[in-house]
Amino acid sequence: MIARCGCLRARPPAPTCQWRCACAGGGRAIATGALTVATAMAKATTIKEALAKWEEKNGQKASEAKEVKLYGQIPPVERMDESLSTLVNCEKLSLSTNCIERIANLNSLKNLRILSLGRNNIKNLNGLEAVADTLEELWISYNFIEKLRGIRVMKKLKVLYMSNNLVKDWGNPLQEKYASDQKNNWIEEATKRVPKLKKLDGILVIKQEEDEEGAN
């Protein structure tokens, strides 16, 4: 299969959200050797807190930065809250490896070109319409997305990484339908929905008109 969308695989393992799961421990402290983990005491990291840590580490105001990395927070980020609105100059934002369930509060990111949300708990693409006019790359593998409703509004999207999700609508039916006919047809049908797409899960997308131009 040339397009490795991962849609036909079994349900992917949930992103690691040990801090959230620990809440069932009723505040117990679990000691492992010299390491003591206070379960249920840790609250999720807010975007404001994550940005403060990023600024301290990088010696730069997040509001002025073109690239902001908030991946792998401990405890993890669970909400894309309104503090994201401060990232007015951000072109590349990474929030991967957290416990985010919903895409939100991207309205002020008018310059965003690359968004990384891999390894979260996201179930749909609602919220991306806020950056539909600028986003060129979306990295959203290892989530729980079942439908790609809303992907058509991404006018400039060129790179899409969405492997290891649960796509049934747009992804699976198309891949099943065309896999037995011709392996390139899956990509052709995918690019009809995202016209500017150049790369799908790491596979270069070569459209018919490009082939014809190269032959002339």
# chains A, B, ... in the order shown; residues from 1 in each chain; ligands from 1
$ select_by_dssp --residues "segment 60-206 of chain A" --states "strand (DSSP E or B)" --output "PyMOL selection string"
chain A and resi 67-69+77+92-94+114-116+137-139+147+159-161+169+199-200+203-204
$ write_last_selection --atoms "C-alpha atoms" --output "mmCIF file, in the first residue's frame"
data_model
loop_
_atom_site.group_PDB
_atom_site.id
_atom_site.type_symbol
_atom_site.label_atom_id
_atom_site.label_comp_id
_atom_site.auth_asym_id
_atom_site.auth_seq_id
_atom_site.Cartn_x
_atom_site.Cartn_y
_atom_site.Cartn_z
ATOM 1 C CA GLU A 67 8.438 28.560 16.659
ATOM 2 C CA VAL A 68 7.068 27.336 19.988
ATOM 3 C CA LYS A 69 7.520 23.798 21.299
ATOM 4 C CA VAL A 77 -1.473 19.644 28.697
ATOM 5 C CA LYS A 92 5.323 26.475 13.905
ATOM 6 C CA LEU A 93 3.575 25.132 16.999
ATOM 7 C CA SER A 94 4.184 21.742 18.600
ATOM 8 C CA ILE A 114 2.988 23.978 10.798
ATOM 9 C CA LEU A 115 0.956 22.373 13.573
ATOM 10 C CA SER A 116 2.048 19.231 15.411
ATOM 11 C CA GLU A 137 1.578 21.039 7.448
ATOM 12 C CA LEU A 138 -0.545 19.039 9.884
ATOM 13 C CA TRP A 139 1.056 16.306 11.992
ATOM 14 C CA LYS A 147 -13.714 11.318 10.494
ATOM 15 C CA VAL A 159 1.811 17.839 4.195
ATOM 16 C CA LEU A 160 -0.510 15.568 6.169
ATOM 17 C CA TYR A 161 0.644 12.949 8.663
ATOM 18 C CA ASP A 169 -15.052 8.468 6.827
ATOM 19 C CA LYS A 199 3.008 14.535 1.030
ATOM 20 C CA LEU A 200 0.732 11.992 2.723
ATOM 21 C CA ILE A 203 4.797 9.525 0.732
ATOM 22 C CA LEU A 204 5.360 12.119 -1.978
#
$ atom_distance --atom1 "atom CA of Thr86 of chain A" --atom2 "atom CA of Val131 of chain A"
14.9 Å
$ residues_around --residues "Lys61 of chain A" --least-positions-apart "5" --cutoff "9 Å" --atoms "only C-alpha atoms" --output "number ranges by chain"
A: 51-52, 54-56
$ write_last_selection --atoms "C-alpha atoms" --output "PDB file, in the first residue's frame"
ATOM      1  CA  LEU A  51       4.498  28.996  27.815  1.00  0.00           C
ATOM      2  CA  ALA A  52       6.101  30.362  30.981  1.00  0.00           C
ATOM      3  CA  TRP A  54       9.230  27.750  27.426  1.00  0.00           C
ATOM      4  CA  GLU A  55      10.079  31.436  27.893  1.00  0.00           C
ATOM      5  CA  GLU A  56      12.325  30.679  30.858  1.00  0.00           C
TER       6      GLU A  56
END
$ residues_around --residues "segment 133-135 of chain A" --least-positions-apart "5" --cutoff "12 Å" --atoms "only C-alpha atoms" --output "list in words"
Cys90, Glu91, Lys92, Leu93, Leu106, Asn107, Ser108, Leu109, Lys110, Asn111, Leu112, Arg113, Ile114, Leu115, Ser116, Leu128, Ile151, Arg152, Val153, Met154, Lys155, Lys156, Leu157, Lys158, Val159, Leu160, Lys196 and Leu197 of chain A
$ residues_around --residues "Asn89 of chain A" --least-positions-apart "6" --cutoff "7 Å" --atoms "only C-alpha atoms" --output "PyMOL selection string"
chain A and resi 63-66+111
$ closest_residue --among "A:Asn58, A:Thr45, A:Asn120, A:Ser141" --to "Asn98 of chain A" --atoms "only C-alpha atoms"
A:Asn120
$ atom_distance --atom1 "atom CA of Ile74 of chain A" --atom2 "atom CA of Asp201 of chain A"
27.9 Å
$ closest_residue --among "A:Lys43, A:Arg119, A:Arg193, A:Lys198" --to "Arg149 of chain A" --atoms "only C-alpha atoms"
A:Arg193
$ atom_distance --atom1 "atom CA of Ser85 of chain A" --atom2 "atom CA of Gln73 of chain A"
19.1 Å
$ closest_residue --among "A:Ala62, A:Val205, A:Met80, A:Ile145" --to "Met162 of chain A" --atoms "only C-alpha atoms"
A:Ile145
